[in-house]
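Participant: Below is the file model.cif, with mmCIF, C-alpha atoms.
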```cif
data_final
loop_
_atom_site.label_atom_id
_atom_site.label_comp_id
_atom_site.auth_asym_id
_atom_site.auth_seq_id
_atom_site.Cartn_x
_atom_site.Cartn_y
_atom_site.Cartn_z
CA MET W 1 3.97 8.38 -19.80
CA GLU W 2 5.91 8.21 -16.56
CA LYS W 3 5.92 4.67 -15.11
CA LYS W 4 6.48 4.28 -11.39
CA ASN W 5 5.22 1.87 -8.77
CA LYS W 6 4.94 3.40 -5.32
CA VAL W 7 4.13 2.09 -1.86
CA PHE W 8 2.57 4.14 0.97
CA ILE W 9 2.11 1.99 4.04
CA ALA W 10 2.22 1.99 7.83
CA GLN W 11 4.02 -0.49 10.04
CA SER W 12 4.59 -1.15 13.71
CA LEU W 13 8.04 -0.72 15.27
CA ASP W 14 8.57 -4.45 14.84
CA GLY W 15 7.67 -4.35 11.14
CA TYR W 16 4.06 -5.56 11.01
CA ILE W 17 1.35 -4.01 8.84
CA ALA W 18 -1.45 -5.76 10.73
CA GLY W 19 -1.81 -7.75 13.92
CA LYS W 20 -2.08 -11.52 14.21
CA ASN W 21 -5.79 -11.42 13.36
CA HIS W 22 -5.47 -8.57 10.82
CA GLU W 23 -6.06 -5.96 13.57
CA LEU W 24 -5.48 -2.35 12.59
CA TYR W 25 -6.65 -0.58 15.77
CA TRP W 26 -3.10 0.60 16.38
CA LEU W 27 -3.18 2.86 13.31
CA ASP W 28 -5.44 5.22 15.29
CA MET W 29 -3.66 4.90 18.63
CA ILE W 30 -2.27 8.44 18.63
CA PRO W 31 -4.76 11.31 18.94
CA ASN W 32 -4.91 13.27 15.71
CA PRO W 33 -7.01 16.35 16.54
CA ASP W 34 -6.27 18.10 13.25
CA GLN W 35 -6.94 14.93 11.22
CA ASP W 36 -3.49 15.18 9.62
CA ASP W 37 -3.39 12.67 6.76
CA MET W 38 0.39 12.35 7.16
CA GLY W 39 1.05 13.10 3.52
CA PHE W 40 -1.42 10.62 2.01
CA GLY W 41 -3.37 13.30 0.11
CA SER W 42 -0.20 14.70 -1.40
CA PHE W 43 0.97 11.17 -2.23
CA THR W 44 -2.25 10.32 -4.08
CA THR W 45 -2.01 13.43 -6.26
CA GLY W 46 1.10 11.81 -7.73
CA ILE W 47 -0.55 8.53 -8.74
CA ASP W 48 -2.88 7.51 -11.55
CA ALA W 49 -4.41 4.33 -10.13
CA ILE W 50 -4.21 1.84 -7.26
CA ILE W 51 -3.44 -1.86 -7.41
CA MET W 52 -4.40 -3.54 -4.15
CA GLY W 53 -4.64 -7.12 -3.06
CA ARG W 54 -7.83 -8.95 -2.22
CA VAL W 55 -7.18 -9.00 1.52
CA SER W 56 -6.66 -5.21 1.61
CA PHE W 57 -9.88 -4.71 -0.34
CA GLU W 58 -11.77 -6.94 2.09
CA VAL W 59 -10.33 -5.06 5.08
CA ILE W 60 -11.29 -1.68 3.62
CA SER W 61 -14.76 -3.02 2.80
CA GLY W 62 -15.20 -3.84 6.49
CA PHE W 63 -14.50 -0.28 7.65
CA ASP W 64 -17.46 1.94 8.52
CA VAL W 65 -16.35 4.72 6.15
CA ASP W 66 -17.15 6.10 2.73
CA TRP W 67 -15.03 4.87 -0.16
CA PRO W 68 -11.63 6.48 0.58
CA TYR W 69 -10.15 6.75 -2.93
CA ASP W 70 -10.65 9.17 -5.78
CA LYS W 71 -8.45 7.24 -8.22
CA PRO W 72 -9.31 4.03 -10.12
CA VAL W 73 -8.78 0.96 -7.93
CA PHE W 74 -7.87 -2.46 -9.31
CA VAL W 75 -8.07 -5.45 -6.98
CA TRP W 76 -5.50 -8.09 -7.92
CA SER W 77 -6.61 -11.56 -6.93
CA GLN W 78 -5.99 -15.05 -8.23
CA SER W 79 -8.97 -16.46 -6.32
CA LEU W 80 -11.68 -13.79 -6.33
CA GLN W 81 -13.33 -13.35 -9.74
CA ALA W 82 -15.78 -10.60 -8.80
CA ALA W 83 -15.82 -8.02 -6.05
CA THR W 84 -18.59 -8.30 -3.50
CA GLY W 85 -19.90 -6.07 -0.74
CA ARG W 86 -20.80 -2.44 -0.58
CA PHE W 87 -17.74 -1.25 -2.52
CA GLN W 88 -18.00 -3.78 -5.35
CA ASN W 89 -18.82 -1.06 -7.89
CA GLN W 90 -15.80 1.01 -6.85
CA VAL W 91 -13.19 -1.47 -8.11
CA GLU W 92 -12.23 -3.51 -11.12
CA MET W 93 -10.99 -7.04 -10.55
CA ILE W 94 -7.75 -8.09 -12.25
CA ASN W 95 -5.77 -11.32 -12.19
CA GLY W 96 -2.83 -12.89 -13.92
CA ASP W 97 0.91 -12.49 -14.10
CA ILE W 98 2.34 -9.32 -12.54
CA HIS W 99 3.94 -8.24 -15.83
CA GLU W 100 0.62 -8.74 -17.67
CA ILE W 101 -1.07 -6.62 -15.02
CA LEU W 102 1.44 -3.81 -15.54
CA ARG W 103 1.01 -3.97 -19.32
CA LEU W 104 -2.76 -3.71 -18.82
CA MET W 105 -2.38 -0.70 -16.51
CA HIS W 106 -0.02 1.06 -18.88
CA HIS W 107 -2.31 0.30 -21.84
CA LYS W 108 -5.15 1.97 -19.89
CA GLY W 109 -2.91 5.04 -19.42
CA TYR W 110 -2.04 4.41 -15.77
CA GLY W 111 1.71 4.71 -15.33
CA ARG W 112 2.09 5.95 -11.76
CA LEU W 113 0.68 3.19 -9.59
CA TYR W 114 0.08 2.94 -5.86
CA ILE W 115 0.78 -0.66 -4.83
CA ASP W 116 -1.11 -1.60 -1.65
CA GLY W 117 -1.39 -4.70 0.51
CA GLY W 118 1.21 -6.92 2.12
CA GLN W 119 1.21 -9.77 -0.39
CA THR W 120 0.86 -7.40 -3.35
CA VAL W 121 3.80 -5.27 -2.22
CA HIS W 122 5.85 -8.44 -1.66
CA SER W 123 5.00 -9.72 -5.16
CA PHE W 124 6.16 -6.45 -6.71
CA LEU W 125 9.34 -6.43 -4.61
CA LYS W 126 10.13 -10.02 -5.64
CA GLU W 127 10.11 -8.84 -9.25
CA ASP W 128 12.04 -5.63 -8.40
CA LEU W 129 9.08 -3.53 -9.52
CA ILE W 130 8.87 -1.01 -6.66
CA ASP W 131 10.38 2.39 -7.43
CA GLU W 132 9.51 4.28 -4.26
CA MET W 133 8.33 3.46 -0.74
CA THR W 134 6.87 5.73 1.92
CA ILE W 135 6.85 3.84 5.21
CA THR W 136 5.18 5.32 8.28
CA THR W 137 6.22 3.73 11.57
CA MET W 138 3.85 3.76 14.52
CA PRO W 139 5.35 3.56 18.04
CA ILE W 140 3.97 0.16 19.00
CA LEU W 141 5.36 -3.37 19.15
CA LEU W 142 2.66 -5.75 17.95
CA GLY W 143 4.67 -8.85 18.78
CA GLY W 144 3.50 -10.67 15.67
CA GLY W 145 1.17 -10.40 12.73
CA ILE W 146 1.51 -9.74 9.04
CA PRO W 147 5.03 -8.53 8.23
CA LEU W 148 5.67 -5.69 5.81
CA PHE W 149 8.69 -7.43 4.34
CA ARG W 150 9.20 -11.10 3.59
CA GLU W 151 12.10 -13.11 2.25
CA LEU W 152 13.38 -12.08 -1.17
CA ASP W 153 15.67 -13.91 -3.57
CA ARG W 154 18.10 -10.99 -3.61
CA SER W 155 18.87 -7.68 -1.95
CA LEU W 156 17.23 -4.49 -3.19
CA THR W 157 18.91 -1.19 -2.35
CA PHE W 158 16.97 2.02 -1.80
CA ASP W 159 18.16 5.59 -1.17
CA HIS W 160 16.64 7.42 1.77
CA VAL W 161 15.32 10.75 0.46
CA ASP W 162 13.17 12.17 3.23
CA SER W 163 11.96 11.77 6.82
CA LYS W 164 9.11 13.49 8.61
CA LEU W 165 7.76 13.44 12.13
CA TYR W 166 3.99 13.55 12.64
CA LEU W 167 2.08 14.06 15.89
CA ASP W 168 5.40 14.13 17.77
CA GLN W 169 5.55 10.30 17.63
CA VAL W 170 5.02 8.92 14.15
CA VAL W 171 8.04 8.73 11.85
CA GLN W 172 7.71 8.55 8.10
CA HIS W 173 10.59 7.71 5.75
CA ARG W 174 10.61 7.88 1.98
CA TYR W 175 12.94 5.69 -0.08
CA VAL W 176 13.68 5.56 -3.81
CA ARG W 177 15.02 2.44 -5.52
CA GLN W 178 18.63 2.62 -6.64
CA LYS W 179 18.89 1.74 -10.31
#
```
Output the structure of this file as structure tokens.
Facilitator:
Amino acid sequence: MEKKNKVFIAQSLDGYIAGKNHELYWLDMIPNPDQDDMGFGSFTTGIDAIIMGRVSFEVISGFDVDWPYDKPVFVWSQSLQAATGRFQNQVEMINGDIHEILRLMHHKGYGRLYIDGGQTVHSFLKEDLIDEMTITTMPILLGGGIPLFRELDRSLTFDHVDSKLYLDQVVQHRYVRQK
């Protein structure tokens, strides 16, 4: 079984994944008449399951949309024991040490994992457990908010493997971890 942990995330020009009050309005700031998913559908065909943090799950639960995922979703939280809300039956709650979580996922047959949520991505980066990152940059300065990257104990080097331009304004870069 192939084992890879991948990130697919959007950020502002100044490196924030959400505004000061978790605002995400800016993700839809550019008209998208053809509803281009900017590679997300293709990305998800290459994953087996999703590990997301509690905050990301709560944000998604607040959207007025149908459940957006067709892969198993595991919500990693140290504080929330059971999912609540209208999507509670769409996820499985997990908690514990990051390495225990990965063993559990691999035991269940999920090797290619989509890691989602600011704190969750940071936790995986701290342990050098991210193999690939696709980062989509929106042309807006938020001036503050929740940063994509936080302080790490050491440097992690990635190779740039691809860049794409969407909607004549949105730039997406893909990076693979140097080993």
Participant: Considering only C-alpha atoms, return as a CSV table (one decimal) with C-alpha atoms, keeping the file's coordinate frame whatever protein or nucleic-acid residues lie within 7 Å of Ile135 of chain W, sequence-local ones (same chain, fewer than 2 positions apart) excluded.
Facilitator:
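Output contents, as saved in out04.csv:
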```csv
chain,number,residue,atom,x,y,z
W,8,PHE,CA,2.6,4.1,1.0
W,9,ILE,CA,2.1,2.0,4.0
W,10,ALA,CA,2.2,2.0,7.8
W,133,MET,CA,8.3,3.5,-0.7
W,137,THR,CA,6.2,3.7,11.6
W,172,GLN,CA,7.7,8.6,8.1
W,173,HIS,CA,10.6,7.7,5.8
W,174,ARG,CA,10.6,7.9,2.0
```
Participant: Using only C-alpha atoms, find the one residue out of W:Met138, W:Val176, W:Val171, W:Val75 that sits nearest to Leu156 of chain W.
Facilitator: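 Checking each candidate against Leu156 of chain W, we get W:Val176 as the closest.
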Participant: Name all residues at most 12 Å from segment 167-170 of chain W (count all atoms listed in the file; drop same-chain ones fewer than 2 positions away) and give them as a list in words.
Facilitator: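 Everything that qualifies: Ala10, Gln11, Ser12, Leu13, Trp26, Leu27, Asp28, Met29, Ile30, Pro31, Asn32, Pro33, Asp34, Gln35, Asp36, Asp37, Met38, Ile135, Thr136, Thr137, Met138, Pro139, Ile140, Ser163, Lys164, Leu165, Gln172 and His173 of chain W.
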Participant: Keeping only C-alpha atoms, write the selected residues as a PDB file, in the frame of the given file.
Facilitator:
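Result file follows (part17.pdb):
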```pdb
ATOM      1  CA  ALA W  10       2.220   1.990   7.830  1.00  0.00           C
ATOM      2  CA  GLN W  11       4.020  -0.490  10.040  1.00  0.00           C
ATOM      3  CA  SER W  12       4.590  -1.150  13.710  1.00  0.00           C
ATOM      4  CA  LEU W  13       8.040  -0.720  15.270  1.00  0.00           C
ATOM      5  CA  TRP W  26      -3.100   0.600  16.380  1.00  0.00           C
ATOM      6  CA  LEU W  27      -3.180   2.860  13.310  1.00  0.00           C
ATOM      7  CA  ASP W  28      -5.440   5.220  15.290  1.00  0.00           C
ATOM      8  CA  MET W  29      -3.660   4.900  18.630  1.00  0.00           C
ATOM      9  CA  ILE W  30      -2.270   8.440  18.630  1.00  0.00           C
ATOM     10  CA  PRO W  31      -4.760  11.310  18.940  1.00  0.00           C
ATOM     11  CA  ASN W  32      -4.910  13.270  15.710  1.00  0.00           C
ATOM     12  CA  PRO W  33      -7.010  16.350  16.540  1.00  0.00           C
ATOM     13  CA  ASP W  34      -6.270  18.100  13.250  1.00  0.00           C
ATOM     14  CA  GLN W  35      -6.940  14.930  11.220  1.00  0.00           C
ATOM     15  CA  ASP W  36      -3.490  15.180   9.620  1.00  0.00           C
ATOM     16  CA  ASP W  37      -3.390  12.670   6.760  1.00  0.00           C
ATOM     17  CA  MET W  38       0.390  12.350   7.160  1.00  0.00           C
ATOM     18  CA  ILE W 135       6.850   3.840   5.210  1.00  0.00           C
ATOM     19  CA  THR W 136       5.180   5.320   8.280  1.00  0.00           C
ATOM     20  CA  THR W 137       6.220   3.730  11.570  1.00  0.00           C
ATOM     21  CA  MET W 138       3.850   3.760  14.520  1.00  0.00           C
ATOM     22  CA  PRO W 139       5.350   3.560  18.040  1.00  0.00           C
ATOM     23  CA  ILE W 140       3.970   0.160  19.000  1.00  0.00           C
ATOM     24  CA  SER W 163      11.960  11.770   6.820  1.00  0.00           C
ATOM     25  CA  LYS W 164       9.110  13.490   8.610  1.00  0.00           C
ATOM     26  CA  LEU W 165       7.760  13.440  12.130  1.00  0.00           C
ATOM     27  CA  GLN W 172       7.710   8.550   8.100  1.00  0.00           C
ATOM     28  CA  HIS W 173      10.590   7.710   5.750  1.00  0.00           C
TER      29      HIS W 173
END
```
Participant: Just the number, please: distance in Å from atom CA of Glu127 of chain W to atom CA of Leu148 of chain W, one decimal.
Facilitator: 16.0 Å
Participant: Here is a test: counting only C-alpha atoms, which residue of W:Tyr16, W:Tyr166, W:Phe40, W:Tyr69 is nearest to Met52 of chain W?
Facilitator: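 For Met52 of chain W, the nearest of the given residues is W:Tyr69.
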Participant: Please identify all polymer residues within 10 Å of segment 80-88 of chain W, counting all atoms listed in the file, omitting same-chain residues fewer than 3 positions from it, and present them as a ChimeraX atom specification.
Facilitator: /W:54,57-58,60-62,66-67,75-77,91-95
Participant: For the selection you just gave me, I'd like the residues written to a file as a compact mmCIF listing (two decimals), in the coordinates of the input, keeping C-alpha atoms.
Facilitator:
```txt
# COMPACT_ATOMS: atom_id res chain seq x y z
CA ARG W 54 -7.83 -8.95 -2.22
CA PHE W 57 -9.88 -4.71 -0.34
CA GLU W 58 -11.77 -6.94 2.09
CA ILE W 60 -11.29 -1.68 3.62
CA SER W 61 -14.76 -3.02 2.80
CA GLY W 62 -15.20 -3.84 6.49
CA ASP W 66 -17.15 6.10 2.73
CA TRP W 67 -15.03 4.87 -0.16
CA VAL W 75 -8.07 -5.45 -6.98
CA TRP W 76 -5.50 -8.09 -7.92
CA SER W 77 -6.61 -11.56 -6.93
CA VAL W 91 -13.19 -1.47 -8.11
CA GLU W 92 -12.23 -3.51 -11.12
CA MET W 93 -10.99 -7.04 -10.55
CA ILE W 94 -7.75 -8.09 -12.25
CA ASN W 95 -5.77 -11.32 -12.19
```
Participant: Selected by the PyMOL selection byres ((chain W and resi 131) around 7) in the shown coordinates: which residues, as a PyMOL selection string?
Facilitator: chain W and resi 4-6+129-130+132+176-177
Participant: Of the candidates W:Leu152, W:Ile146, W:Met105, W:Leu141, which shows the shortest atom-to-atom distance to Pro72 of chain W, using all atoms listed in the file?
Facilitator: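 Among W:Leu152, W:Ile146, W:Met105, W:Leu141, it is W:Met105 that comes nearest to Pro72 of chain W.
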